[in-house]
Every structure is written in C-alpha cells, then in structure tokens.
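Worksheet: one structure, shown below.
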There are 2 protein chains.
Amino acid sequence: MKYYAKPLNRLINELSKLPGIGGKTAQRLAFHILSMDEKEALALADSIKDAKTSMRYCSICGNLTDVDPCVICSDDSRDKSLICVVESPADVVAMEKIREYRGYYHVLHGAISPMDGVGPEDINLKSLITRLHDDEVRELIIATNPNIEGEATAMYIARLIKPSGIKVSRIAHGIPVGGDLEYADEVTLLKAIEGRREL
Amino acid sequence: MKYYAKPLNRLINELSKLPGIGGKTAQRLAFHILSMDEKEALALADSIKDAKTSMRYCSICGNLTDVDPCVICSDDSRDKSLICVVESPADVVAMEKIREYRGYYHVLHGAISPMDGVGPEDINLKSLITRLHDDEVRELIIATNPNIEGEATAMYIARLIKPSGIKVSRIAHGIPVGGDLEYADEVTLLKAIEGRREL
C-alpha cells in the first residue's frame with residue numbers, strides 16, 4: 001500500500017530535497033500547498049521557475065542577479081577603492097543590510113578547503129585578480145566566514161594580493177554585540193582580546 | 001537599495017508564505033534553489049503545479065486523491081463494516097502507516113469549533129450520513145484529534161449516529177508508547193486511568 005497518490009508523493013519527494021526540510025515537514029508543506037488557492041500554489045511554482053531561469057551570476061562580481069552587470073557593479077556612486085570579498089550571495093545581502101558599506105563586492109562561491117578537494121582554482125578567484133589589475137582598488141576587505149576554510153581562504157588571498165601593494169584587511173572577530181562574555185567560546189574571546197582597540 | 005533582484009525577491013516572498021518558513025529560512029531555501037541544477041529546480045516547480053492541478057478530493061471519503069474514487073474507496077478487499085472518521089488527509093496517512101486498520105475512511109476537513117464559527121454544516125459531515133444509509137457499515141471509529149474541537153466533533157457525531165444503531169467508538173487516549181509517566185500531563189493521565197483495561 002502506498003500512502004500518497006503519485007503527484008502528492010512526487011511533491012513530498014521534491015520538497016524533502018530542500019535543506020532543513022525532512023520527511024515530516026515536506027509532508028506538512030505538501031498538504032499545505034494542496035490546501036492553498038490554485039492561484040497561490042501556481043504563483044509559488046512560477047516564482048521558482050522564473051527565479052531559476054532569469055537569475056544568473058554577475059560577470060564582474062559573481063553575485064546573483066537578473067541583469068548583467070548586477071545593480072551593485074553598475075552603481076557608479078559607490079566607492080571604487082573598496083572591494084569586499086565574501087563566500088556567497090547571501091553574505092552580500094547581510095553586508096548590504098548594515099547600510100554602511102559603500103564599496104563593491106566579490107563573491108567567491110565557496111572557500112578553499114583541501115579536505116573537500118576545493119582548491120583556489122575551484123572558487124571565483126581568477127576574476128578578482130583581473131579586477132585588481134583594471135580598477136582603482138586600494139583595499140580588499142576579506143569577509144569570508146570565521147571558520148577553518150574561511151580563514152585559509154583569507155590567508156591565501158592576502159598572500160596573493162599583498163605584493164601588488166593593495167591593502168588587504170580582514171573583518172574583526174570578537175564578542176557579538178548583545179552577546180555575553182560568559183558564554184563566548186575561548187577562540188572568540190582570544191580573538192576579541194587580540195583585536196582590542198584603544199579607547 | 002533593495003537587497004534582492006526582483007525574481008529572487010518574489011521567490012523568497014512566496015516561500016515565506018508556507019507554514020513554519022520564516023524570512024531567514026525562505027532566503028536560505030531561495031539561495032539553495034538557485035544553486036540547484038536547472039533540471040532539479042524545474043522539477044520542484046513542476047511537482048507543485050502538477051500536484052495542485054491533478055489532486056482533488058475523493059467524492060466518497062473526501063481524502064486527497066488523483067483518481068476518483070480514491071484508491072482506498074475503490075479497494076474492495078477492505079472491511080466494509082468499518083469507517084474511520086478523521087479530520088485531515090494527513091491523518092489518513094498516519095492511520096495507514098500502522099498497516100493494521102483495514103476499513104475505510106471519512107475525512108471531515110476540519111472539526112466543529114463554535115469559537116471559530118465552524119459548525120457541523122461547515123465540515124464534510126453530510127456525505128458521511130449518506131454513506132451510512134447506503135453501506136453495510138457496522139462501526140464508526142472516530143479518530144478526530146484529542147483537543148476541544150476534536151472531542152466536540154466526536155460527541156456531535158456520536159449523538160447524531162447512535163440512534164441509527166451503528167456502533168460509534170472513539171480511539172483511546174492515554175500515555176503514548178515509549179512516553180514517560182512522569183512527564184504526562186494531568187488530563188492525559190486521567191484519560192489513561194479512565195481507559196484502563198483488565199490484564
């Protein structure tokens with residue numbers, strides 16, 4: 001006995017491929033989708049199709065975009081001397097949300113991870129070097145994640161770029177604002193002390 | 001500054017309408033969908049469209065199905081003397097998974113809830129009465145949820161059906177198997193004692 005009709009089974013199957021969506025959640029979502037208005041459900045299906053077909057990577061920075069170059073790369077009012085290097089398009093969104101950074105971005109689409117067989121040539125690094133030749137860039141802010149892969153990538157890029165005279169900086173690690181010293185792990189606390197600033 | 005390109009924004013928006021999917025999860029899912037193979041992403045979109053257009057409610061039991069009557073209602077090997085009344089199609093799946101119950105089902109699509117303005121005429125009850133006239137049904141097992149609405153619905157159906165001579169039973173409430181007596185709430189424990197059986 002199969003528990004679901006074929007189309008429902010297929011929907012549950014497809015939904016459960018998404019990250020963080022297990023079998024139970026996929027079933028709940030599927031039943032919800034079937035209880036939605038036809039218009040709403042088709043809007044969801046269309047938005048997936050539309051996003052997947054119209055979104056591509058910016059040929060300059062590698063960010064996700066529907067126009068090439070992306071809106072950030074084609075914004076001339078930004079600070080041309082700054083490029084912030086991040087691992088993923090989601091990181092660009094996180095940076096933009098602070099509404100303070102006015103430079104450009106470069107999305108690596110990953111981080112160097114020899115353990116997983118990801119070398120420097122497997123991430124979007126080559127085009128960054130090209131950008132540094134062409135542009136009036138003076139500083140590269142490396143905002144890869146504060147884990148082993150992110151740090152390795154930051155070190156690699158720093159060593160690669162520094163000889164060219166461009167300043168390479170790394171975002172600060174330390175206690176998050178609103179965080180509690182008592183609950184900070186040792187490495188974070190060590191980074192916070194190392195990165196202390198005179199008041 | 002908008003943080004997302006329009007198609008991405010629309011996708012995040014549609015995903016965040018799903019139950020249990022907040023803004024952050026919707027963003028994560030959207031970025032994941034964009035990083036998927038085109039084939040996979042379109043398969044997801046298609047499965048939504050296909051399920052929504054091909055699934056309907058069985059004209060006999062009210063369960064979700066792609067054929068009418070549904071596979072359960074058209075299965076002649078089942079026990080015609082039993083109908084299990086449940087609130088939703090998901091409950092049918094839960095019942096079927098025990099692989100023990102061999103009767104038919106009736107899906108109410110809700111429960112009586114005067115507080116929310118849901119009366120007996122707002123749930124799929126009328127067709128149940130019709131089924132009882134036609135069929136060789138001898139017992140109605142009421143498996144609505146063990147909450148106020150489910151209990152009220154069970155009581156209502158019991159009062160409605162009993163005069164016709166059909167046996168009406170309610171699934172047992174008690175300590176779940178593998179559960180801990182220490183952590184059971186008072187009402188559950190009370191139900192467990194009330195429903196005790198001689199060994």
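By order in the structure tokens, chains are A, B, ...; within a chain, residues start at 1; ligands start at 1, following the order shown.
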Chain B post-superposition (all in-order Cα pairs with chain A) as a short mmCIF file (atom, residue, chain, number, x, y, z; two decimals) with C-alpha atoms, in the first residue's frame:
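The new file out-v4.cif reads:
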data_model
loop_
_atom_site.label_atom_id
_atom_site.label_comp_id
_atom_site.auth_asym_id
_atom_site.auth_seq_id
_atom_site.Cartn_x
_atom_site.Cartn_y
_atom_site.Cartn_z
CA MET B 1 -0.53 0.13 0.12
CA LYS B 2 1.01 3.44 -0.88
CA TYR B 3 -0.05 6.22 1.46
CA TYR B 4 -0.07 9.08 -1.02
CA ALA B 5 -1.44 9.54 -4.52
CA LYS B 6 1.36 9.78 -7.09
CA PRO B 7 1.38 13.59 -7.65
CA LEU B 8 1.34 14.18 -3.88
CA ASN B 9 4.11 11.65 -3.38
CA ARG B 10 6.22 13.38 -6.01
CA LEU B 11 5.64 16.78 -4.39
CA ILE B 12 6.64 15.48 -0.94
CA ASN B 13 9.69 13.89 -2.50
CA GLU B 14 10.82 17.10 -4.22
CA LEU B 15 10.20 19.23 -1.12
CA SER B 16 12.19 16.88 1.11
CA LYS B 17 15.27 17.48 -1.08
CA LEU B 18 15.44 21.07 0.24
CA PRO B 19 17.87 21.76 3.09
CA GLY B 20 16.37 21.46 6.56
CA ILE B 21 13.14 19.95 5.22
CA GLY B 22 12.66 16.40 6.49
CA GLY B 23 9.95 13.92 5.59
CA LYS B 24 7.41 15.18 8.14
CA THR B 25 7.90 18.84 7.21
CA ALA B 26 7.73 18.00 3.51
CA GLN B 27 4.38 16.25 4.11
CA ARG B 28 3.06 19.22 6.07
CA LEU B 29 4.19 21.67 3.37
CA ALA B 30 2.69 19.48 0.62
CA PHE B 31 -0.70 19.30 2.33
CA HIS B 32 -0.53 23.04 2.89
CA ILE B 33 0.24 23.67 -0.78
CA LEU B 34 -2.72 21.50 -1.78
CA SER B 35 -4.98 23.46 0.56
CA MET B 36 -3.86 26.79 -0.92
CA ASP B 37 -5.78 28.65 -3.62
CA GLU B 38 -4.84 27.37 -7.05
CA LYS B 39 -3.60 30.86 -7.92
CA GLU B 40 -1.30 31.01 -4.91
CA ALA B 41 0.13 27.53 -5.49
CA LEU B 42 0.83 28.26 -9.14
CA ALA B 43 2.45 31.58 -8.14
CA LEU B 44 4.85 29.61 -5.94
CA ALA B 45 5.65 27.18 -8.77
CA ASP B 46 6.12 30.05 -11.21
CA SER B 47 8.37 31.99 -8.86
CA ILE B 48 10.72 28.98 -8.64
CA LYS B 49 10.76 28.53 -12.41
CA ASP B 50 11.16 32.25 -13.05
CA ALA B 51 13.94 32.76 -10.50
CA LYS B 52 15.81 29.72 -11.73
CA THR B 53 15.65 30.72 -15.38
CA SER B 54 16.22 34.48 -15.04
CA MET B 55 18.84 34.61 -12.28
CA ARG B 56 22.51 34.19 -13.22
CA TYR B 57 25.90 35.24 -11.87
CA CYS B 58 27.20 38.76 -12.45
CA SER B 59 30.16 38.60 -14.84
CA ILE B 60 32.07 41.11 -12.71
CA CYS B 61 31.49 40.24 -9.06
CA GLY B 62 29.88 36.78 -9.28
CA ASN B 63 26.81 37.79 -7.26
CA LEU B 64 23.36 36.47 -8.16
CA THR B 65 21.54 38.86 -10.46
CA ASP B 66 18.86 39.14 -13.12
CA VAL B 67 20.79 41.80 -15.06
CA ASP B 68 24.45 41.67 -16.05
CA PRO B 69 26.40 43.48 -14.65
CA CYS B 70 24.46 43.41 -11.38
CA VAL B 71 22.89 46.52 -9.83
CA ILE B 72 25.77 46.90 -7.39
CA CYS B 73 28.51 46.62 -10.04
CA SER B 74 26.70 49.09 -12.28
CA ASP B 75 26.16 51.59 -9.45
CA ASP B 76 28.71 54.34 -10.16
CA SER B 77 28.02 56.17 -6.91
CA ARG B 78 29.79 53.47 -4.92
CA ASP B 79 33.33 53.69 -3.62
CA LYS B 80 35.57 52.27 -6.34
CA SER B 81 38.52 51.94 -3.98
CA LEU B 82 36.91 49.16 -1.92
CA ILE B 83 36.10 45.54 -2.72
CA CYS B 84 34.65 43.24 -0.07
CA VAL B 85 35.35 39.55 -0.70
CA VAL B 86 32.61 37.17 0.54
CA GLU B 87 31.90 33.47 0.17
CA SER B 88 28.28 33.52 -1.02
CA PRO B 89 25.53 35.77 -2.42
CA ALA B 90 23.75 35.52 0.95
CA ASP B 91 26.77 37.23 2.52
CA VAL B 92 26.34 40.19 0.15
CA VAL B 93 22.76 40.55 1.41
CA ALA B 94 23.99 40.45 5.02
CA MET B 95 26.58 43.15 4.28
CA GLU B 96 24.12 45.34 2.39
CA LYS B 97 21.67 45.18 5.29
CA ILE B 98 24.02 47.15 7.54
CA ARG B 99 23.58 50.08 5.07
CA GLU B 100 27.05 51.31 5.85
CA TYR B 101 29.40 49.67 3.38
CA ARG B 102 29.49 51.57 0.08
CA GLY B 103 32.15 49.67 -1.86
CA TYR B 104 31.82 46.80 -4.29
CA TYR B 105 31.79 43.04 -3.73
CA HIS B 106 33.39 39.91 -5.01
CA VAL B 107 31.64 36.57 -4.42
CA LEU B 108 33.97 33.56 -4.26
CA HIS B 109 31.24 30.88 -4.30
CA GLY B 110 33.00 28.83 -1.69
CA ALA B 111 36.21 28.79 0.28
CA ILE B 112 39.49 26.98 -0.11
CA SER B 113 39.22 23.60 1.58
CA PRO B 114 41.93 21.05 0.80
CA MET B 115 40.03 18.46 2.90
CA ASP B 116 37.10 18.66 0.45
CA GLY B 117 39.38 18.97 -2.56
CA VAL B 118 38.53 22.63 -3.13
CA GLY B 119 41.61 24.53 -4.25
CA PRO B 120 42.13 28.21 -5.17
CA GLU B 121 41.29 27.42 -8.80
CA ASP B 122 37.88 26.02 -7.80
CA ILE B 123 36.56 29.29 -6.41
CA ASN B 124 35.83 32.57 -8.21
CA LEU B 125 39.29 34.01 -7.56
CA LYS B 126 40.78 34.52 -11.02
CA SER B 127 38.32 37.26 -11.94
CA LEU B 128 39.17 39.06 -8.68
CA ILE B 129 42.79 39.32 -9.76
CA THR B 130 41.67 40.72 -13.12
CA ARG B 131 39.53 43.31 -11.34
CA LEU B 132 42.51 44.44 -9.28
CA HIS B 133 44.53 45.04 -12.46
CA ASP B 134 41.86 47.16 -14.09
CA ASP B 135 40.40 49.12 -11.25
CA GLU B 136 41.36 51.88 -8.90
CA VAL B 137 41.06 49.49 -5.95
CA ARG B 138 42.98 50.46 -2.86
CA GLU B 139 41.64 48.06 -0.26
CA LEU B 140 40.35 44.51 -0.24
CA ILE B 141 38.19 43.67 2.79
CA ILE B 142 38.12 39.91 3.27
CA ALA B 143 34.82 38.88 4.85
CA THR B 144 34.99 35.10 4.45
CA ASN B 145 33.47 33.10 7.31
CA PRO B 146 35.46 32.80 10.56
CA ASN B 147 36.10 29.06 10.23
CA ILE B 148 39.10 27.04 9.06
CA GLU B 149 38.18 27.26 5.36
CA GLY B 150 37.36 30.96 5.55
CA GLU B 151 40.59 31.76 7.38
CA ALA B 152 42.66 29.70 4.94
CA THR B 153 41.02 31.52 2.03
CA ALA B 154 41.68 34.90 3.67
CA MET B 155 45.35 34.04 4.23
CA TYR B 156 45.73 32.77 0.67
CA ILE B 157 44.22 35.91 -0.87
CA ALA B 158 46.23 38.17 1.43
CA ARG B 159 49.52 36.54 0.40
CA LEU B 160 48.51 36.66 -3.25
CA ILE B 161 47.49 40.33 -3.31
CA LYS B 162 49.81 42.06 -0.84
CA PRO B 163 52.84 42.20 -3.18
CA SER B 164 50.77 44.34 -5.56
CA GLY B 165 50.59 47.08 -2.92
CA ILE B 166 46.84 46.88 -2.37
CA LYS B 167 45.81 46.95 1.30
CA VAL B 168 44.22 43.70 2.43
CA SER B 169 42.13 43.73 5.60
CA ARG B 170 40.10 41.12 7.48
CA ILE B 171 36.79 41.83 9.27
CA ALA B 172 37.10 41.77 13.07
CA HIS B 173 36.35 38.68 15.13
CA GLY B 174 35.16 39.09 18.69
CA ILE B 175 32.19 39.03 21.02
CA PRO B 176 28.99 39.71 19.05
CA VAL B 177 27.07 42.80 20.12
CA GLY B 178 24.43 41.77 22.66
CA GLY B 179 26.40 38.58 23.33
CA ASP B 180 27.46 37.44 26.76
CA LEU B 181 31.13 37.17 27.71
CA GLU B 182 30.28 34.21 29.92
CA TYR B 183 29.04 32.14 27.00
CA ALA B 184 31.66 33.09 24.40
CA ASP B 185 33.94 30.23 23.34
CA GLU B 186 37.68 30.47 24.04
CA VAL B 187 38.74 31.15 20.44
CA THR B 188 36.27 34.02 20.06
CA LEU B 189 37.39 35.51 23.37
CA LEU B 190 41.03 35.18 22.35
CA LYS B 191 40.27 36.95 19.06
CA ALA B 192 38.42 39.65 20.98
CA ILE B 193 41.45 40.30 23.19
CA GLU B 194 43.88 40.18 20.27
CA GLY B 195 41.74 42.67 18.39
CA ARG B 196 41.26 45.07 21.32
CA ARG B 197 41.24 48.77 20.52
CA GLU B 198 42.28 51.74 22.59
CA LEU B 199 39.40 53.85 23.84
#
task = Per DSSP on the backbone, filter segment 60-162 of chain A down to the residues in strand (DSSP E or B) and report them as a ChimeraX atom specification.
result = /A:64-65,82-86,104-107,113,118,139-142
